[in-house]
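work04.txt follows; it contains compact mmCIF, C-alpha atoms and all ligand atoms.
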```txt
# COMPACT_ATOMS: atom_id res chain seq x y z
CA ALA T 1 -3.21 -0.92 17.06
CA VAL T 2 -2.52 -4.24 18.78
CA VAL T 3 -1.59 -4.21 22.47
CA VAL T 4 -0.08 -7.31 24.08
CA VAL T 5 -0.14 -7.78 27.85
CA GLY T 6 2.23 -10.67 28.46
CA SER T 7 5.63 -12.19 28.90
CA CYS T 8 9.20 -11.67 27.75
CA MET T 9 11.66 -14.51 28.28
CA THR T 10 15.29 -14.82 27.34
CA ASP T 11 15.95 -18.30 25.92
CA LEU T 12 19.33 -19.74 26.91
CA VAL T 13 19.83 -22.70 24.62
CA SER T 14 22.61 -25.32 24.82
CA LEU T 15 22.94 -28.08 22.24
CA THR T 16 24.58 -31.32 23.44
CA SER T 17 24.86 -34.84 22.05
CA ARG T 18 23.04 -36.15 25.11
CA LEU T 19 21.17 -34.72 28.09
CA PRO T 20 23.09 -34.75 31.42
CA LYS T 21 21.98 -37.03 34.28
CA THR T 22 21.61 -35.66 37.81
CA GLY T 23 25.02 -34.44 39.04
CA GLU T 24 26.65 -34.98 35.68
CA THR T 25 28.42 -32.38 33.53
CA VAL T 26 28.34 -32.81 29.76
CA HIS T 27 29.96 -30.69 27.08
CA GLY T 28 27.69 -29.05 24.59
CA HIS T 29 28.65 -28.09 21.05
CA LYS T 30 26.66 -24.89 20.66
CA PHE T 31 25.08 -22.15 22.77
CA PHE T 32 22.80 -19.31 21.73
CA ILE T 33 20.53 -16.74 23.29
CA GLY T 34 17.10 -16.14 21.78
CA PHE T 35 14.18 -13.84 22.44
CA GLY T 36 11.04 -15.66 23.55
CA GLY T 37 8.05 -15.50 25.86
CA LYS T 38 4.61 -16.03 24.36
CA GLY T 39 3.49 -12.42 24.78
CA ALA T 40 6.50 -10.87 23.09
CA ASN T 41 6.52 -13.54 20.36
CA GLN T 42 2.92 -12.71 19.43
CA CYS T 43 3.66 -8.99 19.51
CA VAL T 44 6.71 -9.40 17.26
CA GLN T 45 4.72 -11.37 14.68
CA ALA T 46 1.94 -8.78 14.60
CA ALA T 47 4.51 -5.98 14.29
CA ARG T 48 6.33 -7.70 11.41
CA LEU T 49 3.06 -7.86 9.47
CA GLY T 50 2.71 -4.10 9.83
CA ALA T 51 0.62 -3.68 12.98
CA LYS T 52 1.23 -0.72 15.26
CA THR T 53 2.03 -2.55 18.49
CA SER T 54 2.69 -1.93 22.15
CA MET T 55 4.13 -4.44 24.62
CA VAL T 56 2.88 -4.20 28.19
CA CYS T 57 5.27 -6.37 30.20
CA LYS T 58 7.94 -6.39 32.89
CA VAL T 59 11.61 -7.32 32.60
CA GLY T 60 14.45 -7.08 35.11
CA LYS T 61 16.80 -4.13 35.46
CA ASP T 62 19.58 -6.32 34.10
CA SER T 63 21.40 -6.94 30.83
CA PHE T 64 18.80 -9.47 29.59
CA GLY T 65 16.09 -6.89 30.28
CA ASN T 66 18.00 -4.12 28.49
CA ASN T 67 18.63 -6.40 25.51
CA TYR T 68 14.98 -7.43 25.41
CA ILE T 69 13.82 -3.81 25.30
CA GLU T 70 16.26 -3.20 22.46
CA ASN T 71 14.78 -6.22 20.63
CA LEU T 72 11.24 -4.89 21.00
CA LYS T 73 12.33 -1.49 19.68
CA GLN T 74 14.12 -3.07 16.73
CA ASN T 75 10.84 -4.71 15.83
CA GLY T 76 9.12 -1.33 15.90
CA ILE T 77 7.15 -2.16 19.07
CA SER T 78 6.28 0.62 21.53
CA THR T 79 7.97 0.04 24.89
CA GLU T 80 6.18 2.90 26.65
CA PHE T 81 4.60 0.36 29.01
CA THR T 82 7.51 -2.09 29.16
CA TYR T 83 8.47 -1.88 32.81
CA GLN T 84 11.83 -2.71 34.40
CA THR T 85 12.11 -3.90 38.00
CA LYS T 86 15.03 -4.31 40.40
CA ASP T 87 13.05 -6.92 42.36
CA ALA T 88 13.40 -9.86 40.00
CA ALA T 89 15.49 -11.00 37.05
CA THR T 90 14.22 -10.97 33.48
CA GLY T 91 12.32 -14.19 32.74
CA THR T 92 14.50 -16.98 31.38
CA ALA T 93 14.03 -20.34 29.76
CA SER T 94 17.13 -22.50 30.16
CA ILE T 95 16.87 -25.11 27.43
CA ILE T 96 19.09 -28.13 26.75
CA VAL T 97 18.49 -29.97 23.48
CA ASN T 98 20.11 -33.24 22.37
CA ASN T 99 20.76 -34.43 18.82
CA GLU T 100 17.40 -36.21 18.72
CA GLY T 101 15.66 -32.92 19.44
CA GLN T 102 14.64 -34.03 22.95
CA ASN T 103 14.90 -31.29 25.52
CA ILE T 104 14.82 -30.37 29.18
CA ILE T 105 13.64 -26.88 30.02
CA VAL T 106 13.55 -24.78 33.19
CA ILE T 107 11.52 -21.59 33.05
CA VAL T 108 12.01 -18.90 35.67
CA ALA T 109 9.26 -16.38 35.00
CA GLY T 110 10.95 -13.80 37.27
CA ALA T 111 9.93 -10.23 36.46
CA ASN T 112 6.97 -11.45 34.37
CA LEU T 113 5.18 -12.43 37.59
CA LEU T 114 5.63 -8.92 38.98
CA LEU T 115 3.58 -7.27 36.20
CA ASN T 116 0.62 -6.17 38.31
CA THR T 117 -2.77 -4.56 38.08
CA GLU T 118 -1.30 -1.17 39.07
CA ASP T 119 0.99 -1.33 36.00
CA LEU T 120 -2.09 -2.09 33.90
CA ARG T 121 -3.97 0.89 35.23
CA GLU T 122 -1.05 3.00 34.00
CA ALA T 123 -1.20 1.26 30.62
CA ALA T 124 -5.01 1.46 30.47
CA SER T 125 -4.86 4.46 28.13
CA ALA T 126 -2.96 2.40 25.54
CA ILE T 127 -5.15 -0.67 26.02
CA SER T 128 -8.38 1.28 25.68
CA ARG T 129 -7.24 2.95 22.43
CA ALA T 130 -6.25 -0.37 20.78
CA LYS T 131 -8.32 -2.32 18.30
CA VAL T 132 -7.19 -5.68 19.72
CA MET T 133 -5.66 -6.72 23.05
CA ILE T 134 -3.93 -10.09 23.37
CA CYS T 135 -2.98 -11.85 26.60
CA GLN T 136 -1.83 -15.30 27.74
CA LEU T 137 -1.06 -17.06 31.02
CA GLU T 138 2.69 -16.46 31.39
CA VAL T 139 2.03 -13.51 33.72
CA ALA T 140 -0.03 -13.69 36.92
CA PRO T 141 -3.62 -14.77 36.08
CA ALA T 142 -4.98 -11.75 38.00
CA THR T 143 -2.98 -9.47 35.69
CA SER T 144 -4.33 -11.14 32.55
CA LEU T 145 -7.86 -10.92 33.95
CA GLU T 146 -7.44 -7.22 34.66
CA ALA T 147 -6.12 -6.70 31.11
CA LEU T 148 -9.16 -8.50 29.67
CA THR T 149 -11.48 -6.48 31.89
CA ILE T 150 -9.98 -3.13 30.84
CA ALA T 151 -10.12 -4.07 27.17
CA HIS T 152 -13.63 -5.50 27.35
CA SER T 153 -15.08 -2.50 29.19
CA ASN T 154 -13.59 -0.18 26.53
CA GLY T 155 -14.95 -2.14 23.58
CA VAL T 156 -11.49 -3.42 22.58
CA LYS T 157 -11.55 -6.86 20.95
CA THR T 158 -9.89 -9.43 23.23
CA LEU T 159 -7.83 -12.35 21.93
CA PHE T 160 -7.00 -14.74 24.75
CA ASN T 161 -4.46 -17.54 24.43
CA PRO T 162 -4.71 -19.79 27.54
CA ALA T 163 -1.06 -20.84 27.47
CA PRO T 164 0.42 -22.51 29.38
CA ALA T 165 -2.91 -24.15 30.15
CA MET T 166 -4.28 -24.46 33.66
CA ALA T 167 -7.05 -26.97 34.39
CA ASP T 168 -9.11 -24.77 36.71
CA LEU T 169 -9.18 -21.60 34.63
CA ASP T 170 -11.23 -18.80 36.22
CA PRO T 171 -14.59 -18.76 34.34
CA ARG T 172 -14.22 -15.02 33.66
CA PHE T 173 -11.46 -15.82 31.14
CA TYR T 174 -14.13 -17.32 28.89
CA THR T 175 -16.72 -14.60 29.22
CA LEU T 176 -14.12 -11.86 28.68
CA SER T 177 -12.69 -13.52 25.53
CA ASP T 178 -13.97 -12.36 22.17
CA VAL T 179 -11.61 -14.87 20.59
CA PHE T 180 -10.33 -17.81 22.63
CA CYS T 181 -7.42 -19.48 20.83
CA CYS T 182 -5.68 -22.60 22.16
CA ASN T 183 -3.71 -25.55 20.81
CA GLU T 184 -4.57 -29.27 21.09
CA SER T 185 -2.91 -29.92 24.44
CA GLU T 186 -4.40 -26.79 25.99
CA ALA T 187 -7.84 -27.81 24.71
CA GLU T 188 -7.34 -31.22 26.35
CA ILE T 189 -6.35 -29.75 29.71
CA LEU T 190 -9.23 -27.27 29.67
CA THR T 191 -11.93 -29.75 28.64
CA GLY T 192 -10.63 -33.14 29.82
CA LEU T 193 -11.35 -34.47 26.31
CA GLU T 194 -8.76 -36.12 24.10
CA VAL T 195 -7.90 -33.86 21.17
CA SER T 196 -5.94 -35.37 18.31
CA SER T 197 -8.04 -34.74 15.20
CA PRO T 198 -10.06 -31.89 13.70
CA GLU T 199 -13.19 -33.73 14.80
CA ASP T 200 -12.00 -33.92 18.43
CA ALA T 201 -11.00 -30.27 18.26
CA GLY T 202 -14.50 -29.36 17.15
CA LYS T 203 -15.97 -31.21 20.12
CA ALA T 204 -13.60 -29.47 22.53
CA ALA T 205 -14.42 -26.12 20.90
CA LEU T 206 -18.12 -26.70 21.55
CA VAL T 207 -17.38 -27.31 25.24
CA LEU T 208 -15.25 -24.14 25.48
CA MET T 209 -17.89 -22.13 23.64
CA GLU T 210 -20.50 -23.15 26.22
CA ARG T 211 -18.36 -21.40 28.84
CA GLY T 212 -19.09 -18.04 27.26
CA CYS T 213 -16.55 -17.16 24.53
CA ARG T 214 -17.73 -15.51 21.29
CA VAL T 215 -15.26 -17.38 19.07
CA VAL T 216 -13.15 -20.49 19.78
CA ILE T 217 -10.16 -21.55 17.69
CA VAL T 218 -8.19 -24.74 18.30
CA THR T 219 -4.89 -24.99 16.41
CA LEU T 220 -3.77 -28.40 15.21
CA GLY T 221 -0.16 -28.06 14.03
CA ALA T 222 0.21 -29.38 10.47
CA GLU T 223 -3.59 -29.85 10.33
CA GLY T 224 -4.27 -26.11 10.57
CA CYS T 225 -7.08 -25.18 12.92
CA VAL T 226 -10.75 -25.55 13.78
CA MET T 227 -13.06 -22.57 14.29
CA LEU T 228 -16.38 -22.13 15.98
CA SER T 229 -18.31 -18.91 16.51
CA GLN T 230 -21.62 -17.79 17.95
CA THR T 231 -22.73 -16.84 14.46
CA GLU T 232 -21.49 -20.14 12.90
CA PRO T 233 -21.97 -22.62 15.72
CA VAL T 234 -20.85 -25.68 13.72
CA PRO T 235 -17.10 -26.46 13.96
CA LYS T 236 -15.24 -25.82 10.72
CA HIS T 237 -11.81 -27.23 9.86
CA ILE T 238 -9.41 -24.83 8.13
CA PRO T 239 -6.52 -26.91 6.74
CA THR T 240 -3.10 -25.37 6.08
CA GLU T 241 -0.26 -25.66 3.59
CA LYS T 242 1.81 -28.86 3.33
CA VAL T 243 5.29 -27.65 4.16
CA LYS T 244 8.60 -29.15 5.30
CA ALA T 245 8.71 -28.18 8.99
CA VAL T 246 12.22 -27.68 10.38
CA ASP T 247 11.33 -26.09 13.76
CA THR T 248 7.77 -25.67 14.97
CA THR T 249 8.75 -23.83 18.20
CA GLY T 250 6.64 -20.73 18.51
CA ALA T 251 4.29 -21.61 15.62
CA GLY T 252 1.27 -21.02 17.84
CA ASP T 253 2.53 -17.55 18.76
CA SER T 254 3.10 -16.67 15.11
CA PHE T 255 -0.49 -17.77 14.44
CA VAL T 256 -1.94 -15.72 17.33
CA GLY T 257 0.09 -12.63 16.37
CA ALA T 258 -1.07 -12.91 12.76
CA LEU T 259 -4.69 -13.37 13.81
CA ALA T 260 -4.49 -10.24 15.99
CA PHE T 261 -3.12 -8.33 13.00
CA TYR T 262 -6.09 -9.37 10.82
CA LEU T 263 -8.65 -8.70 13.55
CA ALA T 264 -7.23 -5.20 14.02
CA TYR T 265 -6.50 -4.17 10.44
CA TYR T 266 -8.84 -6.27 8.27
CA PRO T 267 -11.98 -6.47 10.44
CA ASN T 268 -14.18 -6.96 7.40
CA LEU T 269 -12.56 -10.22 6.35
CA SER T 270 -14.49 -13.36 7.30
CA LEU T 271 -13.09 -15.25 10.27
CA GLU T 272 -12.37 -18.19 7.96
CA GLU T 273 -10.30 -15.99 5.65
CA MET T 274 -8.36 -14.54 8.62
CA LEU T 275 -7.58 -18.07 9.79
CA LYS T 276 -6.47 -19.21 6.33
CA ARG T 277 -4.03 -16.31 6.22
CA SER T 278 -2.86 -16.89 9.81
CA ASN T 279 -2.30 -20.58 8.97
CA PHE T 280 -0.21 -19.53 6.00
CA ILE T 281 1.95 -17.18 8.06
CA ALA T 282 2.49 -19.74 10.85
CA ALA T 283 3.38 -22.33 8.19
CA VAL T 284 6.11 -19.99 6.95
CA SER T 285 7.46 -19.73 10.52
CA VAL T 286 7.92 -23.51 10.88
CA GLN T 287 10.20 -23.59 7.84
CA ALA T 288 13.05 -21.74 9.61
CA THR T 289 14.79 -22.40 12.94
CA GLY T 290 14.29 -20.41 16.12
CA THR T 291 11.24 -18.66 17.46
CA GLN T 292 11.09 -14.93 16.66
CA SER T 293 13.94 -15.42 14.18
CA SER T 294 11.61 -17.59 12.06
CA TYR T 295 8.72 -15.10 11.94
CA PRO T 296 8.15 -13.59 8.49
CA TYR T 297 7.97 -9.88 7.66
CA LYS T 298 5.29 -8.39 5.42
CA LYS T 299 7.87 -7.85 2.67
CA ASP T 300 8.61 -11.61 2.53
CA LEU T 301 4.97 -12.66 2.14
CA PRO T 302 2.64 -12.87 -0.88
CA LEU T 303 0.84 -9.58 -1.57
CA ASP T 304 -2.59 -11.24 -1.51
CA LEU T 305 -2.27 -11.71 2.26
CA PHE T 306 -2.62 -7.93 2.68
P1 LIG T 401 1.68 -24.59 19.22
O1 LIG T 401 2.90 -23.96 18.64
O2 LIG T 401 1.02 -23.74 20.27
O3 LIG T 401 1.86 -26.01 19.64
P2 LIG T 401 0.36 -25.59 16.83
O4 LIG T 401 1.38 -26.66 16.78
O5 LIG T 401 -1.07 -25.99 16.83
O6 LIG T 401 0.60 -24.59 18.05
O7 LIG T 401 0.62 -24.64 15.57
C1 LIG T 401 -0.03 -23.41 15.41
C2 LIG T 401 -0.26 -23.16 13.94
O8 LIG T 401 1.00 -23.17 13.26
C3 LIG T 401 -1.12 -24.19 13.25
O9 LIG T 401 -2.49 -23.88 13.38
C4 LIG T 401 -0.63 -24.06 11.81
O10 LIG T 401 -1.24 -22.95 11.20
C5 LIG T 401 0.86 -23.77 11.98
N1 LIG T 401 1.68 -24.99 11.95
C6 LIG T 401 2.22 -25.64 13.01
N2 LIG T 401 2.91 -26.74 12.61
C7 LIG T 401 2.81 -26.79 11.26
C8 LIG T 401 3.29 -27.67 10.25
N3 LIG T 401 4.03 -28.75 10.54
N4 LIG T 401 2.97 -27.39 8.95
C9 LIG T 401 2.23 -26.31 8.63
N5 LIG T 401 1.74 -25.45 9.54
C10 LIG T 401 2.02 -25.67 10.84
```

Would you write out, as structure tokens, the structure that this file holds?
Amino acid sequence: AVVVVGSCMTDLVSLTSRLPKTGETVHGHKFFIGFGGKGANQCVQAARLGAKTSMVCKVGKDSFGNNYIENLKQNGISTEFTYQTKDAATGTASIIVNNEGQNIIVIVAGANLLLNTEDLREAASAISRAKVMICQLEVAPATSLEALTIAHSNGVKTLFNPAPAMADLDPRFYTLSDVFCCNESEAEILTGLEVSSPEDAGKAALVLMERGCRVVIVTLGAEGCVMLSQTEPVPKHIPTEKVKAVDTTGAGDSFVGALAFYLAYYPNLSLEEMLKRSNFIAAVSVQATGTQSSYPYKKDLPLDLF
């Protein structure tokens, strides 16, 4: 099974012809609510590929929280350790997008920040029985560290996605990561290097590797990703499909969720093969709009991915 310790956010999206200035009211032409949050996105993608999944997270005791739990259940995800709190609202991302695709976003992490180490001790049974545990940085760093520690000490493979990136990441995040997977901008923040090509990504991966991870992956959007591992310590570029991207939001989470699925269910595949398949799945996700709504199901994918 795949266990995710991470965030749930309700996306509140308004489309307008132009972004409002301070104090100004503009009329939008469309509004929709979406399910987001990096943790839940990754969990949903893994579940849609056929993984048995559990989401360890915290939402508010409010309608967004209730709806989010329903969404997890509809995706076949266990909500046994999805907590609800009265002390904060469900995490939200209020997003305004203009016709040029430019946006302004306010995230209120809310209940996500109240997921604590006590909750994790309760969920430790599920974490320790999993094949793979994924976490990110949209909950309190101490919570993610505790999740990594529980998984690591029980021999559960850890997949860490340092997003959103923080410059002074606690060094234990590296040593507790079996697989450390970040995108270009996160690699830049973490290393201080400029990352805009597969070659740059390889250099950044070498720096991250030195900090103690077993495997480093840097994703590069339409360029696929770069991998580096202790057993193959030379960076390798894994290109992806040429596709017509319509909305790349959440592509990284689709990729991470897919990678967790392969690590858990196809552990004998080479890392390169897992990444080729994860690239393919994430490339499918960029060809439809929305975040979770663009993530493919096993039944929609070529049989040779399974
Ligand atoms: P993030 O969503 O975190 O910014 P990336 O943009 O690096 O992450 O995308 C993650 C993965 O999604 C890439 O490694 C690739 O597999 C896939 N992907 C993203 N954008 C495209 C694209 N335009 N064409 C094909 N695949 C893409």

10 Å shell around ligand LIG 401 (chain T) using all atoms listed in the file, listed as a PDB file with C-alpha atoms, in the coordinates of the input:
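The file below, part_32.pdb, is the result:
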```
ATOM      1  CA  LYS T  38       4.610 -16.030  24.360  1.00  0.00           C
ATOM      2  CA  ASN T 161      -4.460 -17.540  24.430  1.00  0.00           C
ATOM      3  CA  ALA T 163      -1.060 -20.840  27.470  1.00  0.00           C
ATOM      4  CA  PRO T 164       0.420 -22.510  29.380  1.00  0.00           C
ATOM      5  CA  CYS T 181      -7.420 -19.480  20.830  1.00  0.00           C
ATOM      6  CA  CYS T 182      -5.680 -22.600  22.160  1.00  0.00           C
ATOM      7  CA  ASN T 183      -3.710 -25.550  20.810  1.00  0.00           C
ATOM      8  CA  GLU T 184      -4.570 -29.270  21.090  1.00  0.00           C
ATOM      9  CA  SER T 185      -2.910 -29.920  24.440  1.00  0.00           C
ATOM     10  CA  GLU T 186      -4.400 -26.790  25.990  1.00  0.00           C
ATOM     11  CA  ILE T 217     -10.160 -21.550  17.690  1.00  0.00           C
ATOM     12  CA  VAL T 218      -8.190 -24.740  18.300  1.00  0.00           C
ATOM     13  CA  THR T 219      -4.890 -24.990  16.410  1.00  0.00           C
ATOM     14  CA  LEU T 220      -3.770 -28.400  15.210  1.00  0.00           C
ATOM     15  CA  GLY T 221      -0.160 -28.060  14.030  1.00  0.00           C
ATOM     16  CA  ALA T 222       0.210 -29.380  10.470  1.00  0.00           C
ATOM     17  CA  GLU T 223      -3.590 -29.850  10.330  1.00  0.00           C
ATOM     18  CA  GLY T 224      -4.270 -26.110  10.570  1.00  0.00           C
ATOM     19  CA  CYS T 225      -7.080 -25.180  12.920  1.00  0.00           C
ATOM     20  CA  VAL T 226     -10.750 -25.550  13.780  1.00  0.00           C
ATOM     21  CA  ILE T 238      -9.410 -24.830   8.130  1.00  0.00           C
ATOM     22  CA  PRO T 239      -6.520 -26.910   6.740  1.00  0.00           C
ATOM     23  CA  THR T 240      -3.100 -25.370   6.080  1.00  0.00           C
ATOM     24  CA  GLU T 241      -0.260 -25.660   3.590  1.00  0.00           C
ATOM     25  CA  LYS T 242       1.810 -28.860   3.330  1.00  0.00           C
ATOM     26  CA  VAL T 243       5.290 -27.650   4.160  1.00  0.00           C
ATOM     27  CA  LYS T 244       8.600 -29.150   5.300  1.00  0.00           C
ATOM     28  CA  ALA T 245       8.710 -28.180   8.990  1.00  0.00           C
ATOM     29  CA  VAL T 246      12.220 -27.680  10.380  1.00  0.00           C
ATOM     30  CA  ASP T 247      11.330 -26.090  13.760  1.00  0.00           C
ATOM     31  CA  THR T 248       7.770 -25.670  14.970  1.00  0.00           C
ATOM     32  CA  THR T 249       8.750 -23.830  18.200  1.00  0.00           C
ATOM     33  CA  GLY T 250       6.640 -20.730  18.510  1.00  0.00           C
ATOM     34  CA  ALA T 251       4.290 -21.610  15.620  1.00  0.00           C
ATOM     35  CA  GLY T 252       1.270 -21.020  17.840  1.00  0.00           C
ATOM     36  CA  ASP T 253       2.530 -17.550  18.760  1.00  0.00           C
ATOM     37  CA  SER T 254       3.100 -16.670  15.110  1.00  0.00           C
ATOM     38  CA  PHE T 255      -0.490 -17.770  14.440  1.00  0.00           C
ATOM     39  CA  VAL T 256      -1.940 -15.720  17.330  1.00  0.00           C
ATOM     40  CA  LEU T 275      -7.580 -18.070   9.790  1.00  0.00           C
ATOM     41  CA  LYS T 276      -6.470 -19.210   6.330  1.00  0.00           C
ATOM     42  CA  ARG T 277      -4.030 -16.310   6.220  1.00  0.00           C
ATOM     43  CA  SER T 278      -2.860 -16.890   9.810  1.00  0.00           C
ATOM     44  CA  ASN T 279      -2.300 -20.580   8.970  1.00  0.00           C
ATOM     45  CA  PHE T 280      -0.210 -19.530   6.000  1.00  0.00           C
ATOM     46  CA  ILE T 281       1.950 -17.180   8.060  1.00  0.00           C
ATOM     47  CA  ALA T 282       2.490 -19.740  10.850  1.00  0.00           C
ATOM     48  CA  ALA T 283       3.380 -22.330   8.190  1.00  0.00           C
ATOM     49  CA  VAL T 284       6.110 -19.990   6.950  1.00  0.00           C
ATOM     50  CA  SER T 285       7.460 -19.730  10.520  1.00  0.00           C
ATOM     51  CA  VAL T 286       7.920 -23.510  10.880  1.00  0.00           C
ATOM     52  CA  GLN T 287      10.200 -23.590   7.840  1.00  0.00           C
ATOM     53  CA  THR T 291      11.240 -18.660  17.460  1.00  0.00           C
TER      54      THR T 291
END
```

Legend entry - Shell around Ser14 in chain T at 6 Å using only C-alpha atoms, local window under 4 positions removed, as an MDAnalysis selection string: chainID T and resid 30:31 96

Inset, instruction - Starting from the point (-9.7, -8.6, 40.1), work out which residues of protein, DNA or RNA have an atom no more than 12 Å away when counting only C-alpha atoms; state them as an MDAnalysis selection string. - result: chainID T and resid 116:118 120 140:150 170 172:173

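Take CA of Ala204 in chain T and CA of Leu190 in chain T: the distance between them is 8.7 Å.
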
Legend entry - Nearest to Ile127 in chain T by atom-to-atom distance, counting only C-alpha atoms, from T:Phe160, T:Phe81, T:Tyr266, T:Phe35: T:Phe81

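Counting all atoms listed in the file, Ile33 in chain T has the following residues at most 9 Å away, ignoring those fewer than 6 positions along the same chain: Thr10, Asp11, Leu12, Val13 and Ser14 of chain T.
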
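In this structure, CA of Glu138 in chain T sits 10.7 Å away from CA of Ala40 in chain T.
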
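Atom to atom, CA of Met9 in chain T and CA of Gln136 in chain T stand 13.5 Å apart.
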
If you count all atoms listed in the file, which residues fall within 12 Å of Glu232 in chain T, apart from same-chain ones fewer than 2 positions away, as a PDB file with C-alpha atoms, in the frame of the given file?
```
ATOM      1  CA  LEU T 206     -18.120 -26.700  21.550  1.00  0.00           C
ATOM      2  CA  MET T 209     -17.890 -22.130  23.640  1.00  0.00           C
ATOM      3  CA  ARG T 214     -17.730 -15.510  21.290  1.00  0.00           C
ATOM      4  CA  VAL T 215     -15.260 -17.380  19.070  1.00  0.00           C
ATOM      5  CA  VAL T 216     -13.150 -20.490  19.780  1.00  0.00           C
ATOM      6  CA  MET T 227     -13.060 -22.570  14.290  1.00  0.00           C
ATOM      7  CA  LEU T 228     -16.380 -22.130  15.980  1.00  0.00           C
ATOM      8  CA  SER T 229     -18.310 -18.910  16.510  1.00  0.00           C
ATOM      9  CA  GLN T 230     -21.620 -17.790  17.950  1.00  0.00           C
ATOM     10  CA  VAL T 234     -20.850 -25.680  13.720  1.00  0.00           C
ATOM     11  CA  PRO T 235     -17.100 -26.460  13.960  1.00  0.00           C
ATOM     12  CA  LYS T 236     -15.240 -25.820  10.720  1.00  0.00           C
ATOM     13  CA  SER T 270     -14.490 -13.360   7.300  1.00  0.00           C
ATOM     14  CA  LEU T 271     -13.090 -15.250  10.270  1.00  0.00           C
ATOM     15  CA  GLU T 272     -12.370 -18.190   7.960  1.00  0.00           C
TER      16      GLU T 272
END
```

Legend entry - Who sits within 9 Å of Ser7 in chain T, all atoms listed in the file, same chain under 6 positions skipped, as JSON, numbers by chain: {"T": [36, 37, 38, 39, 40, 41, 55, 56, 57, 58, 59, 91, 109, 111, 112, 113, 135, 136, 137, 138, 139]}

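Shortest separation to Asp304 in chain T among T:Ala167, T:Thr16, T:Thr53, T:Glu273 occurs at residue T:Glu273, atoms counted being all atoms listed in the file.
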
If I only have part of range 166-177 of chain T, can you fill in N, CA, C and O atoms and write it as a tab-separated table (two decimals), keeping the file's coordinate frame?
```tsv
chain	number	residue	atom	x	y	z
T	166	MET	N	-4.03	-24.03	32.30
T	166	MET	CA	-4.28	-24.46	33.66
T	166	MET	C	-5.68	-25.09	33.69
T	166	MET	O	-6.60	-24.60	33.03
T	167	ALA	N	-5.81	-26.20	34.43
T	167	ALA	CA	-7.05	-26.97	34.39
T	167	ALA	C	-8.23	-26.19	34.96
T	167	ALA	O	-9.34	-26.23	34.43
T	168	ASP	N	-7.99	-25.45	36.05
T	168	ASP	CA	-9.11	-24.77	36.71
T	168	ASP	C	-9.09	-23.28	36.39
T	168	ASP	O	-8.97	-22.44	37.27
T	169	LEU	N	-9.21	-22.99	35.10
T	169	LEU	CA	-9.18	-21.60	34.63
T	169	LEU	C	-10.40	-20.85	35.18
T	169	LEU	O	-11.52	-21.34	35.12
T	170	ASP	N	-10.14	-19.66	35.71
T	170	ASP	CA	-11.23	-18.80	36.22
T	170	ASP	C	-12.27	-18.61	35.10
T	170	ASP	O	-11.93	-18.27	33.97
T	171	PRO	N	-13.56	-18.83	35.39
T	171	PRO	CA	-14.59	-18.76	34.34
T	171	PRO	C	-14.66	-17.40	33.64
T	171	PRO	O	-15.11	-17.32	32.50
T	172	ARG	N	-14.18	-16.34	34.31
T	172	ARG	CA	-14.22	-15.02	33.66
T	172	ARG	C	-13.33	-14.95	32.42
T	172	ARG	O	-13.55	-14.14	31.54
T	173	PHE	N	-12.30	-15.83	32.34
T	173	PHE	CA	-11.46	-15.82	31.14
T	173	PHE	C	-12.29	-16.14	29.89
T	173	PHE	O	-11.99	-15.66	28.81
T	174	TYR	N	-13.29	-16.98	30.05
T	174	TYR	CA	-14.13	-17.32	28.89
T	174	TYR	C	-15.06	-16.17	28.52
T	174	TYR	O	-15.15	-15.78	27.36
T	175	THR	N	-15.72	-15.63	29.53
T	175	THR	CA	-16.72	-14.60	29.22
T	175	THR	C	-16.07	-13.30	28.75
T	175	THR	O	-16.70	-12.52	28.05
T	176	LEU	N	-14.80	-13.08	29.11
T	176	LEU	CA	-14.12	-11.86	28.68
T	176	LEU	C	-13.37	-12.04	27.36
T	176	LEU	O	-12.74	-11.11	26.87
T	177	SER	N	-13.41	-13.26	26.78
T	177	SER	CA	-12.69	-13.52	25.53
T	177	SER	C	-13.60	-13.35	24.32
T	177	SER	O	-14.58	-14.08	24.19
```
